[in-house]
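Okay, entry-v8.txt now, which holds compact mmCIF, C-alpha atoms and all ligand atoms:
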# COMPACT_ATOMS: atom_id res chain seq x y z
CA MET A 28 152.81 71.48 102.15
CA ASN A 29 154.58 68.89 104.26
CA ASP A 30 152.22 66.15 105.58
CA PRO A 31 149.72 68.63 107.03
CA VAL A 32 147.51 67.80 110.02
CA LEU A 33 144.05 69.38 110.16
CA VAL A 34 143.44 70.61 113.70
CA ILE A 35 139.80 70.95 114.67
CA ASN A 36 138.36 72.66 117.73
CA CYS A 37 134.64 72.07 117.57
CA GLY A 38 132.11 73.92 119.74
CA SER A 39 128.34 73.58 119.69
CA SER A 40 127.92 76.39 117.15
CA SER A 41 131.45 76.94 115.86
CA ILE A 42 134.44 75.11 114.39
CA LYS A 43 137.96 76.53 114.59
CA TYR A 44 140.44 74.90 112.24
CA ALA A 45 144.08 75.09 111.22
CA LEU A 46 146.03 73.13 108.64
CA VAL A 47 149.46 72.67 110.23
CA SER A 48 152.44 71.54 108.19
CA ALA A 49 155.29 69.53 109.74
CA ASP A 50 157.55 72.32 108.48
CA PRO A 51 157.15 75.26 110.90
CA ASP A 52 158.08 77.76 108.18
CA GLN A 53 155.07 76.86 106.02
CA PRO A 54 152.12 79.28 106.25
CA ARG A 55 149.13 78.02 108.16
CA LEU A 56 145.68 77.98 106.60
CA ALA A 57 143.33 78.70 109.46
CA GLY A 58 139.88 80.00 110.21
CA LEU A 59 136.60 79.76 111.98
CA VAL A 60 133.06 78.75 111.08
CA GLU A 61 130.56 80.52 113.31
CA ARG A 62 126.84 80.41 113.97
CA LEU A 63 126.45 76.83 112.76
CA GLY A 64 122.87 75.83 112.06
CA SER A 65 121.71 79.43 111.54
CA SER A 66 120.98 81.35 108.34
CA ASP A 67 123.92 83.51 109.33
CA ALA A 68 126.53 80.72 109.37
CA ARG A 69 129.83 81.83 107.85
CA LEU A 70 133.39 80.76 107.30
CA ALA A 71 136.15 83.33 107.87
CA GLY A 72 139.74 82.36 107.27
CA ILE A 73 143.26 83.25 106.18
CA ASP A 74 144.72 81.89 102.95
CA SER A 75 148.32 80.97 102.11
CA ARG A 76 149.11 84.58 101.09
CA GLY A 77 147.97 85.74 104.52
CA GLU A 78 144.81 87.32 103.06
CA ARG A 79 141.48 87.14 104.83
CA PHE A 80 138.42 85.61 103.15
CA GLN A 81 134.78 85.04 104.09
CA ARG A 82 132.05 82.74 102.79
CA THR A 83 128.45 82.51 103.89
CA LEU A 84 127.23 78.99 104.63
CA ALA A 85 123.53 79.61 105.37
CA GLY A 86 122.04 76.80 107.43
CA ALA A 87 125.25 74.74 107.46
CA GLY A 88 125.67 72.06 110.12
CA HIS A 89 128.94 70.43 111.19
CA VAL A 90 129.32 68.21 108.09
CA GLN A 91 128.67 71.02 105.59
CA ALA A 92 130.99 73.31 107.53
CA LEU A 93 133.78 70.74 107.38
CA GLU A 94 133.19 70.31 103.64
CA ALA A 95 133.56 74.08 103.22
CA ILE A 96 136.73 74.02 105.33
CA LEU A 97 138.17 71.26 103.16
CA ASP A 98 137.27 73.30 100.07
CA SER A 99 139.18 76.28 101.43
CA LEU A 100 142.46 74.35 101.87
CA GLU A 101 143.70 75.28 98.38
CA GLY A 102 143.99 71.68 97.32
CA HIS A 103 146.06 70.55 100.30
CA ARG A 104 144.87 67.30 101.81
CA PRO A 105 145.50 66.55 105.48
CA VAL A 106 147.20 63.26 106.39
CA ALA A 107 145.42 63.17 109.77
CA VAL A 108 142.96 65.10 111.90
CA GLY A 109 143.77 66.24 115.46
CA HIS A 110 140.76 67.13 117.59
CA ARG A 111 140.89 69.31 120.65
CA VAL A 112 138.79 67.54 123.29
CA VAL A 113 138.19 69.40 126.52
CA HIS A 114 137.80 66.61 129.07
CA GLY A 115 139.56 63.28 129.13
CA GLY A 116 138.77 62.45 132.75
CA GLU A 117 141.28 60.11 134.43
CA ARG A 118 141.26 57.73 131.50
CA PHE A 119 143.30 59.87 129.09
CA THR A 120 146.78 60.78 130.27
CA ARG A 121 147.87 61.61 126.72
CA ALA A 122 146.49 61.88 123.18
CA ALA A 123 144.51 58.90 121.84
CA ARG A 124 143.78 57.57 118.38
CA ILE A 125 140.04 57.80 117.84
CA ASP A 126 138.03 54.62 117.42
CA ASP A 127 134.58 53.58 118.67
CA GLU A 128 135.93 52.68 122.09
CA VAL A 129 137.66 56.06 122.52
CA VAL A 130 134.48 57.86 121.40
CA ALA A 131 132.52 55.90 124.04
CA ALA A 132 135.09 56.84 126.69
CA ILE A 133 134.82 60.55 125.75
CA GLU A 134 131.03 60.23 125.91
CA ALA A 135 131.37 58.71 129.35
CA THR A 136 133.17 61.84 130.63
CA ALA A 137 130.46 64.15 129.23
CA ALA A 138 128.99 64.56 132.73
CA LEU A 139 132.23 66.34 133.68
CA ALA A 140 132.11 68.71 130.67
CA PRO A 141 128.46 68.83 129.59
CA LEU A 142 128.92 71.89 127.36
CA HIS A 143 132.18 70.90 125.70
CA ASN A 144 132.61 67.15 125.25
CA PRO A 145 129.34 66.57 123.32
CA ALA A 146 130.24 69.46 120.98
CA ASN A 147 133.77 68.09 120.50
CA LEU A 148 132.22 64.71 119.67
CA GLU A 149 129.98 66.26 117.02
CA GLY A 150 133.14 67.40 115.28
CA VAL A 151 134.65 63.93 115.64
CA ALA A 152 131.52 62.28 114.20
CA ALA A 153 131.34 64.70 111.27
CA THR A 154 135.04 64.30 110.39
CA ARG A 155 134.85 60.50 110.65
CA GLN A 156 131.85 60.56 108.31
CA LEU A 157 133.59 62.83 105.80
CA PHE A 158 137.09 61.33 105.91
CA PRO A 159 136.66 57.72 106.99
CA GLU A 160 140.12 56.84 105.67
CA LEU A 161 141.98 59.52 107.66
CA PRO A 162 143.46 58.70 111.08
CA GLN A 163 141.94 60.90 113.80
CA VAL A 164 143.44 61.73 117.16
CA ALA A 165 141.91 63.28 120.27
CA VAL A 166 144.14 65.67 122.21
CA PHE A 167 142.75 66.45 125.66
CA ASP A 168 142.91 69.74 127.58
CA THR A 169 143.09 67.78 130.82
CA ALA A 170 145.72 65.17 129.87
CA PHE A 171 148.82 67.24 130.69
CA HIS A 172 147.58 67.68 134.26
CA GLN A 173 147.08 63.96 134.88
CA SER A 174 150.55 64.01 136.46
CA LEU A 175 149.27 66.03 139.44
CA PRO A 176 149.87 64.20 142.73
CA PRO A 177 146.81 63.40 144.90
CA ARG A 178 147.64 66.24 147.31
CA ALA A 179 147.09 68.66 144.43
CA TYR A 180 144.12 67.02 142.73
CA ARG A 181 141.98 65.89 145.67
CA TYR A 182 139.37 68.17 147.21
CA ALA A 183 138.85 67.83 150.96
CA LEU A 184 135.49 66.16 150.40
CA PRO A 185 134.15 62.72 151.37
CA GLU A 186 136.14 60.05 149.55
CA ALA A 187 133.03 58.55 147.92
CA LEU A 188 132.53 61.70 145.85
CA TYR A 189 135.92 61.09 144.28
CA ARG A 190 135.67 57.30 144.07
CA ASP A 191 132.12 57.02 142.74
CA HIS A 192 131.69 60.30 140.87
CA GLY A 193 135.16 61.41 139.78
CA ILE A 194 134.95 64.67 141.74
CA ARG A 195 138.54 65.94 141.84
CA ARG A 196 140.65 68.65 140.27
CA TYR A 197 141.48 67.97 136.59
CA GLY A 198 142.82 71.27 135.26
CA PHE A 199 142.47 72.59 131.70
CA HIS A 200 144.47 74.53 129.07
CA GLY A 201 146.92 71.58 129.29
CA THR A 202 147.96 71.93 125.65
CA SER A 203 148.98 75.53 126.20
CA HIS A 204 150.82 74.94 129.50
CA ALA A 205 152.63 71.97 127.90
CA CYS A 206 153.54 74.03 124.83
CA VAL A 207 155.00 77.07 126.61
CA SER A 208 156.76 75.15 129.41
CA ALA A 209 158.46 72.91 126.83
CA ARG A 210 159.56 76.01 124.94
CA ALA A 211 160.85 77.56 128.19
CA ASP A 212 162.93 74.41 128.81
CA THR A 213 164.37 74.75 125.30
CA LEU A 214 165.13 78.45 125.74
CA ALA A 215 166.72 77.87 129.14
CA GLY A 216 168.79 74.97 127.82
CA ARG A 217 167.65 72.65 130.59
CA ARG A 218 164.45 71.15 131.95
CA GLY A 219 163.37 73.03 135.01
CA GLY A 220 160.60 74.47 137.15
CA TRP A 221 158.21 76.93 135.54
CA LEU A 222 155.13 78.77 136.64
CA THR A 223 153.05 79.27 133.51
CA ALA A 224 150.23 81.82 133.29
CA HIS A 225 147.81 81.34 130.39
CA LEU A 226 145.83 84.59 130.34
CA GLY A 227 143.16 84.80 127.64
CA ASN A 228 139.40 84.88 127.97
CA GLY A 229 139.87 81.77 130.09
CA CYS A 230 142.81 82.04 132.47
CA SER A 231 144.83 79.48 134.40
CA THR A 232 148.23 78.95 135.98
CA ALA A 233 150.31 75.79 136.24
CA ALA A 234 153.45 74.61 138.03
CA VAL A 235 155.53 72.49 135.66
CA TRP A 236 158.62 70.55 136.74
CA GLU A 237 160.79 68.84 134.12
CA GLY A 238 157.88 68.71 131.67
CA ARG A 239 155.30 67.41 134.16
CA SER A 240 152.41 69.44 135.52
CA LEU A 241 152.43 69.30 139.33
CA ASP A 242 149.60 71.70 140.09
CA THR A 243 147.24 74.04 138.28
CA SER A 244 144.60 76.61 139.14
CA MET A 245 141.56 75.15 137.36
CA GLY A 246 139.76 72.25 138.98
CA LEU A 247 136.77 70.01 138.36
CA THR A 248 135.58 72.61 135.86
CA PRO A 249 137.27 75.56 134.13
CA LEU A 250 135.55 77.90 136.63
CA GLU A 251 138.03 77.39 139.47
CA GLY A 252 141.03 79.63 140.04
CA LEU A 253 141.84 82.98 138.48
CA VAL A 254 139.54 85.87 137.57
CA MET A 255 138.71 85.43 133.85
CA GLY A 256 136.89 87.42 131.16
CA THR A 257 133.41 86.52 132.37
CA ARG A 258 134.13 83.73 134.91
CA SER A 259 134.47 84.47 138.60
CA GLY A 260 137.25 82.03 139.40
CA ASP A 261 137.48 81.09 143.09
CA VAL A 262 134.62 82.12 145.33
CA ASP A 263 133.66 80.90 148.78
CA PRO A 264 132.01 77.48 148.26
CA GLY A 265 129.37 78.75 150.72
CA LEU A 266 128.30 81.35 148.15
CA HIS A 267 126.01 78.90 146.33
CA ALA A 268 123.95 78.05 149.42
CA HIS A 269 123.86 81.73 150.38
CA LEU A 270 122.46 82.78 146.99
CA VAL A 271 119.83 80.04 147.12
CA ARG A 272 118.75 80.80 150.66
CA GLN A 273 118.97 84.58 150.68
CA LEU A 274 118.15 85.51 147.09
CA ASP A 275 116.17 82.44 146.06
CA TRP A 276 118.41 81.98 143.00
CA SER A 277 118.08 78.85 140.88
CA LEU A 278 121.01 76.64 139.95
CA GLU A 279 120.81 77.96 136.36
CA GLU A 280 121.04 81.56 137.57
CA ILE A 281 124.07 80.81 139.72
CA ASP A 282 125.74 78.95 136.87
CA ARG A 283 125.05 81.77 134.42
CA VAL A 284 126.22 84.55 136.71
CA LEU A 285 129.44 82.79 137.75
CA ASN A 286 130.32 81.70 134.19
CA ARG A 287 129.06 84.55 132.02
CA GLU A 288 128.48 87.68 134.05
CA SER A 289 131.38 87.71 136.48
CA GLY A 290 135.16 88.07 136.13
CA LEU A 291 136.48 91.22 134.46
CA LEU A 292 133.01 91.95 133.09
CA GLY A 293 131.29 91.64 136.45
CA LEU A 294 133.90 93.60 138.38
CA SER A 295 134.13 96.46 135.88
CA GLY A 296 130.47 96.56 134.89
CA LEU A 297 131.88 97.41 131.46
CA THR A 298 133.49 94.65 129.39
CA ASN A 299 135.43 91.39 129.51
CA ASP A 300 138.00 92.72 127.01
CA MET A 301 141.33 93.69 128.59
CA ARG A 302 142.17 96.18 125.82
CA GLU A 303 138.97 98.12 126.48
CA LEU A 304 139.50 97.90 130.24
CA GLU A 305 143.00 99.33 129.98
CA ALA A 306 141.72 102.21 127.86
CA ALA A 307 138.84 102.86 130.29
CA ALA A 308 141.20 102.69 133.30
CA ASP A 309 143.40 105.33 131.64
CA GLU A 310 140.35 107.57 131.45
CA GLY A 311 139.69 107.10 135.15
CA HIS A 312 136.92 104.45 135.08
CA ALA A 313 136.87 103.13 138.66
CA GLY A 314 135.34 99.75 137.76
CA ALA A 315 137.94 99.11 135.08
CA ARG A 316 140.75 99.99 137.50
CA LEU A 317 139.37 97.67 140.15
CA ALA A 318 138.88 94.83 137.66
CA ILE A 319 142.52 95.04 136.50
CA GLU A 320 143.73 95.28 140.09
CA VAL A 321 141.81 92.20 141.27
CA PHE A 322 142.76 90.30 138.10
CA CYS A 323 146.51 90.91 138.58
CA TYR A 324 146.53 90.36 142.34
CA ARG A 325 144.78 87.01 141.94
CA ILE A 326 147.26 85.88 139.28
CA ALA A 327 150.17 86.73 141.60
CA LYS A 328 148.47 85.00 144.52
CA SER A 329 147.95 81.88 142.42
CA LEU A 330 151.57 81.88 141.19
CA ALA A 331 152.84 82.24 144.75
CA ALA A 332 150.64 79.35 145.89
CA LEU A 333 151.67 77.10 142.99
CA SER A 334 155.35 77.80 143.65
CA CYS A 335 154.97 75.37 146.60
CA ALA A 336 154.71 72.56 144.05
CA LEU A 337 158.16 73.21 142.54
CA PRO A 338 161.51 71.98 143.86
CA ARG A 339 163.11 74.99 142.14
CA LEU A 340 161.68 78.05 140.41
CA ASP A 341 163.44 78.81 137.13
CA GLY A 342 160.97 81.37 135.96
CA ILE A 343 157.48 82.59 135.13
CA VAL A 344 156.04 82.34 131.62
CA PHE A 345 153.24 84.61 130.40
CA THR A 346 151.08 83.54 127.47
CA GLY A 347 147.54 83.89 125.99
CA GLY A 348 146.02 87.07 124.52
CA ILE A 349 146.57 89.11 127.71
CA GLY A 350 149.83 87.43 128.78
CA GLU A 351 151.35 88.04 125.34
CA ASN A 352 150.05 91.57 124.83
CA SER A 353 149.65 93.41 128.09
CA PRO A 354 152.92 94.78 129.57
CA ARG A 355 150.79 96.48 132.21
CA VAL A 356 149.29 93.22 133.50
CA ARG A 357 152.71 91.54 133.54
CA GLU A 358 154.25 94.47 135.43
CA ARG A 359 151.49 94.46 138.04
CA VAL A 360 151.69 90.72 138.57
CA VAL A 361 155.46 90.88 139.04
CA GLY A 362 154.98 93.85 141.40
CA HIS A 363 152.90 91.65 143.73
CA LEU A 364 155.73 89.10 144.02
CA PRO A 365 158.65 91.10 145.51
CA HIS A 366 159.78 88.15 147.65
CA PHE A 367 160.51 86.11 144.49
CA GLY A 368 163.44 88.41 143.70
CA LEU A 369 162.17 89.11 140.20
CA GLY A 370 163.58 91.99 138.18
CA LEU A 371 161.43 93.23 135.29
CA ASP A 372 163.14 95.05 132.42
CA GLY A 373 160.58 97.81 131.80
CA PRO A 374 161.50 98.79 128.20
CA VAL A 375 161.86 95.16 127.08
CA ASN A 376 158.56 94.31 128.76
CA ALA A 377 156.88 97.20 126.91
CA GLU A 378 158.08 96.08 123.49
CA THR A 379 157.39 92.35 123.93
CA VAL A 380 153.89 92.29 122.44
CA ARG A 381 151.99 91.08 119.35
CA GLY A 382 153.29 87.57 119.13
CA ARG A 383 156.91 88.34 120.08
CA GLU A 384 158.74 85.84 122.20
CA GLY A 385 161.14 87.35 124.69
CA ARG A 386 162.86 87.32 128.04
CA ILE A 387 161.65 90.39 129.93
CA ASP A 388 163.69 90.26 133.15
CA THR A 389 166.94 92.03 134.01
CA ARG A 390 168.91 88.76 133.87
CA THR A 391 170.29 89.08 137.37
CA PRO A 392 172.18 85.87 138.25
CA ASP A 393 170.24 83.43 140.46
CA CYS A 394 166.92 85.29 139.98
CA PRO A 395 163.99 83.54 138.31
CA ALA A 396 163.55 84.48 134.66
CA LEU A 397 160.46 86.13 133.19
CA TRP A 398 159.41 85.00 129.74
CA VAL A 399 156.71 85.93 127.27
CA ILE A 400 156.10 82.90 125.06
CA PRO A 401 153.27 82.94 122.52
CA THR A 402 151.21 79.80 122.88
CA ASP A 403 150.60 77.56 119.88
CA GLU A 404 147.85 75.15 120.82
CA GLU A 405 147.17 74.15 117.20
CA GLY A 406 150.86 73.44 116.60
CA ARG A 407 151.04 71.34 119.76
CA ILE A 408 147.88 69.38 118.83
CA ALA A 409 149.35 68.70 115.37
CA ASP A 410 152.67 67.60 116.95
CA GLU A 411 150.94 65.25 119.39
CA THR A 412 148.83 63.84 116.55
CA ARG A 413 151.93 63.18 114.44
CA GLN A 414 153.82 61.72 117.35
CA LEU A 415 151.05 59.30 118.29
CA LEU A 416 150.52 58.15 114.71
CA GLY A 417 154.28 57.74 114.29
CA GLU A 418 154.35 55.46 117.34
CA THR A 419 151.38 53.34 116.27
CA ALA A 420 152.78 53.00 112.73
CA ARG A 421 156.01 51.46 114.07
P1 LIG A 501 140.78 83.06 124.08
O1 LIG A 501 140.96 82.57 125.48
O2 LIG A 501 139.36 83.26 123.70
O3 LIG A 501 141.63 82.33 123.05
P2 LIG A 501 142.74 85.17 123.76
O4 LIG A 501 143.89 84.32 124.21
O5 LIG A 501 142.74 85.65 122.35
O6 LIG A 501 141.35 84.56 124.13
O7 LIG A 501 142.75 86.46 124.72
C1 LIG A 501 141.75 87.42 124.64
C2 LIG A 501 142.10 88.54 125.63
O8 LIG A 501 143.36 89.10 125.25
C3 LIG A 501 141.09 89.66 125.64
O9 LIG A 501 140.83 90.08 126.96
C4 LIG A 501 141.83 90.78 124.90
O10 LIG A 501 141.42 92.05 125.29
C5 LIG A 501 143.25 90.51 125.37
N1 LIG A 501 144.19 91.24 124.51
C6 LIG A 501 144.46 91.06 123.20
N2 LIG A 501 145.32 92.02 122.75
C7 LIG A 501 145.59 92.83 123.82
C8 LIG A 501 146.41 93.99 124.03
N3 LIG A 501 147.10 94.54 123.03
N4 LIG A 501 146.45 94.54 125.27
C9 LIG A 501 145.73 94.01 126.29
N5 LIG A 501 144.96 92.90 126.16
C10 LIG A 501 144.88 92.32 124.95
Can you dump the structure from the file as structure tokens?
Ligand code: ADP
Amino acid sequence: MNDPVLVINCGSSSIKYALVSADPDQPRLAGLVERLGSSDARLAGIDSRGERFQRTLAGAGHVQALEAILDSLEGHRPVAVGHRVVHGGERFTRAARIDDEVVAAIEATAALAPLHNPANLEGVAATRQLFPELPQVAVFDTAFHQSLPPRAYRYALPEALYRDHGIRRYGFHGTSHACVSARADTLAGRRGGWLTAHLGNGCSTAAVWEGRSLDTSMGLTPLEGLVMGTRSGDVDPGLHAHLVRQLDWSLEEIDRVLNRESGLLGLSGLTNDMRELEAAADEGHAGARLAIEVFCYRIAKSLAALSCALPRLDGIVFTGGIGENSPRVRERVVGHLPHFGLGLDGPVNAETVRGREGRIDTRTPDCPALWVIPTDEEGRIADETRQLLGETAR
């Protein structure tokens, strides 16, 4: 394997990993350790023959899990580790080589991502302990959106909240928006203006002009914007006070309901899984139908709003588990944007699923294109890691 980079995405009780070769044709060894710290901890992965394997790791913490991951790499040794870090605040406008100072800066932004940054740092600490000789790089979900102009990132709140407390829009899923918009530029043969829709369990849109993010739907936290699997997306900011005053809800209850019990799950009363919702809608389930309808309308509304950020619209890119696999969602979103002059090719849309890249519009001259581009966040993190280390080695 060609100079592989180990990409780590560390949560509080899970570690996702991928060993990514510089040669895109090499198979990727990848997997997930779940339920860290419990008697049920296990590693599930895919080997170089594409076969699935599982190992139990009872009681394993982050260090033991990483040892097991290293063991499963069939003798390949990474040349560097790239860590996905959720929040880089305003400090990190691109990837950064990890040292004590960078760790302290990530710690300092923990107030902005209290669930994610500390977990990401546990992964950093464990990998530094295990492989002290390997260069490590942090790749931030927020960094790609640091190019937003103030009119897009400022909330209409008192200035002191921004100045003293960093309250502004940051945006997330930057690695994915960067990955698919760069690919769209390549496919189009020129750098242009793209609206990208990352639709997975978390969902966000972005407006990207010549490789720079100019606006995005997520904000201070990943709760703003679109309807997601279990997250509400945009609600009236007055809702919080209303729930406290009228229903006597605590902050924890509000947080839990908006983050875990809302979105597709809350609307349908059934599930956060789009596959199940589509099947239920076909059987006439009213909640499932409504959930899909609100989900698609809000995506279209967000894309229309973000189009204001672009000097020219070259096309819309769908990605993420839903964006890559649901022709129905794509068709509905496009149907809500008749004034964009989009033409969807129905049969091509229907067959562009399961990881296929494809242009799904009717290719009418002067009309924006519609693309399905599978995202590759691990590949992008590995590329950014390599690029940064290449620069610092010079
Ligand atoms: P995450 O954000 O956790 O990485 P994914 O990008 O894998 O999530 O997206 C998960 C979503 O993709 C789920 O709602 C799932 O139902 C949806 N999805 C996956 N395959 C299909 C499909 N064939 N049709 C519709 N939705 C799908």
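The list of residues within 7 Å of (144.7, 61.8, 115.5), counted using all atoms listed in the file, is Ala107, Val108, Gly109, His110, Ala123, Arg124, Ile125, Pro162, Gln163, Val164, Ala165, Thr412 and Leu416 of chain A.
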Any chance you can output those residues with C-alpha atoms as a compact mmCIF listing (two decimals), in the frame of the given file?
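Ended up saving to part_2.txt:
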# COMPACT_ATOMS: atom_id res chain seq x y z
CA ALA A 107 145.42 63.17 109.77
CA VAL A 108 142.96 65.10 111.90
CA GLY A 109 143.77 66.24 115.46
CA HIS A 110 140.76 67.13 117.59
CA ALA A 123 144.51 58.90 121.84
CA ARG A 124 143.78 57.57 118.38
CA ILE A 125 140.04 57.80 117.84
CA PRO A 162 143.46 58.70 111.08
CA GLN A 163 141.94 60.90 113.80
CA VAL A 164 143.44 61.73 117.16
CA ALA A 165 141.91 63.28 120.27
CA THR A 412 148.83 63.84 116.55
CA LEU A 416 150.52 58.15 114.71
Give the answer as one residue: which of A:Ala336, A:Val90, A:Val361, A:Met255 has the shortest atom-to-atom distance to ligand LIG 501 (chain A), using all atoms listed in the file? A:Met255
Could you tell me, counting all atoms listed in the file, which protein and nucleic acid residues lie no more than 8 Å from ligand LIG 501 (chain A), written as a compact mmCIF listing (two decimals) with C-alpha atoms, in the coordinates of the input?
# COMPACT_ATOMS: atom_id res chain seq x y z
CA HIS A 225 147.81 81.34 130.39
CA LEU A 226 145.83 84.59 130.34
CA GLY A 227 143.16 84.80 127.64
CA ASN A 228 139.40 84.88 127.97
CA GLY A 229 139.87 81.77 130.09
CA CYS A 230 142.81 82.04 132.47
CA GLY A 256 136.89 87.42 131.16
CA ASN A 299 135.43 91.39 129.51
CA ASP A 300 138.00 92.72 127.01
CA MET A 301 141.33 93.69 128.59
CA ARG A 302 142.17 96.18 125.82
CA GLU A 303 138.97 98.12 126.48
CA LEU A 304 139.50 97.90 130.24
CA GLU A 305 143.00 99.33 129.98
CA THR A 346 151.08 83.54 127.47
CA GLY A 347 147.54 83.89 125.99
CA GLY A 348 146.02 87.07 124.52
CA ILE A 349 146.57 89.11 127.71
CA GLY A 350 149.83 87.43 128.78
CA GLU A 351 151.35 88.04 125.34
CA ASN A 352 150.05 91.57 124.83
CA SER A 353 149.65 93.41 128.09
CA PRO A 354 152.92 94.78 129.57
CA VAL A 380 153.89 92.29 122.44
CA ARG A 381 151.99 91.08 119.35
Identify which of the residues A:Gly246, A:Gly290, A:Gly220, A:Gly64 lies closest to A:Asp341, counting only C-alpha atoms when measuring atom-to-atom distances.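 So, comparing all the options, the nearest one is A:Gly220.
Minimum atom-to-atom distance to A:Ser48, evaluated using all atoms listed in the file, belongs to A:Val106 out of A:Val106, A:Leu188, A:Gln81, A:Glu237.
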Selection near A:His192, 12 Å with only C-alpha atoms, sequence-local residues under 6 positions removed, as a ChimeraX atom specification: /A:116-117,135-136,138-139,184-186,247
Within 12 Å of stretch 392-395 of chain A, counting only C-alpha atoms, which residues qualify if same-chain residues fewer than 2 places away don't, as a ChimeraX atom specification? /A:215,219-222,334,339-344,361,364-371,386-390,397-398
Need to verify the contact set: A:Val60, 9 Å, only C-alpha atoms, exclusion of same-chain residues closer than 3 positions in sequence. Can you return it as a PyMOL selection string? chain A and resi 40-44+63+68-72+84+92-93+96
Selection above as a file: C-alpha atoms, as a PDB file, in the frame of the given file:
ATOM      1  CA  SER A  40     127.920  76.390 117.150  1.00  0.00           C
ATOM      2  CA  SER A  41     131.450  76.940 115.860  1.00  0.00           C
ATOM      3  CA  ILE A  42     134.440  75.110 114.390  1.00  0.00           C
ATOM      4  CA  LYS A  43     137.960  76.530 114.590  1.00  0.00           C
ATOM      5  CA  TYR A  44     140.440  74.900 112.240  1.00  0.00           C
ATOM      6  CA  LEU A  63     126.450  76.830 112.760  1.00  0.00           C
ATOM      7  CA  ALA A  68     126.530  80.720 109.370  1.00  0.00           C
ATOM      8  CA  ARG A  69     129.830  81.830 107.850  1.00  0.00           C
ATOM      9  CA  LEU A  70     133.390  80.760 107.300  1.00  0.00           C
ATOM     10  CA  ALA A  71     136.150  83.330 107.870  1.00  0.00           C
ATOM     11  CA  GLY A  72     139.740  82.360 107.270  1.00  0.00           C
ATOM     12  CA  LEU A  84     127.230  78.990 104.630  1.00  0.00           C
ATOM     13  CA  ALA A  92     130.990  73.310 107.530  1.00  0.00           C
ATOM     14  CA  LEU A  93     133.780  70.740 107.380  1.00  0.00           C
ATOM     15  CA  ILE A  96     136.730  74.020 105.330  1.00  0.00           C
TER      16      ILE A  96
END
Need the shell around A:Glu405: protein/DNA/RNA residues with any atom at most 8 Å away, counting all atoms listed in the file. Skip same-chain ones fewer than 6 positions apart. Format as a PyMOL selection string? chain A and resi 34+45+47
Selected residues written out with C-alpha atoms, as a PDB file, in the frame of the given file:
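result_8.pdb, written as the output of this step:
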ATOM      1  CA  VAL A  34     143.440  70.610 113.700  1.00  0.00           C
ATOM      2  CA  ALA A  45     144.080  75.090 111.220  1.00  0.00           C
ATOM      3  CA  VAL A  47     149.460  72.670 110.230  1.00  0.00           C
TER       4      VAL A  47
END
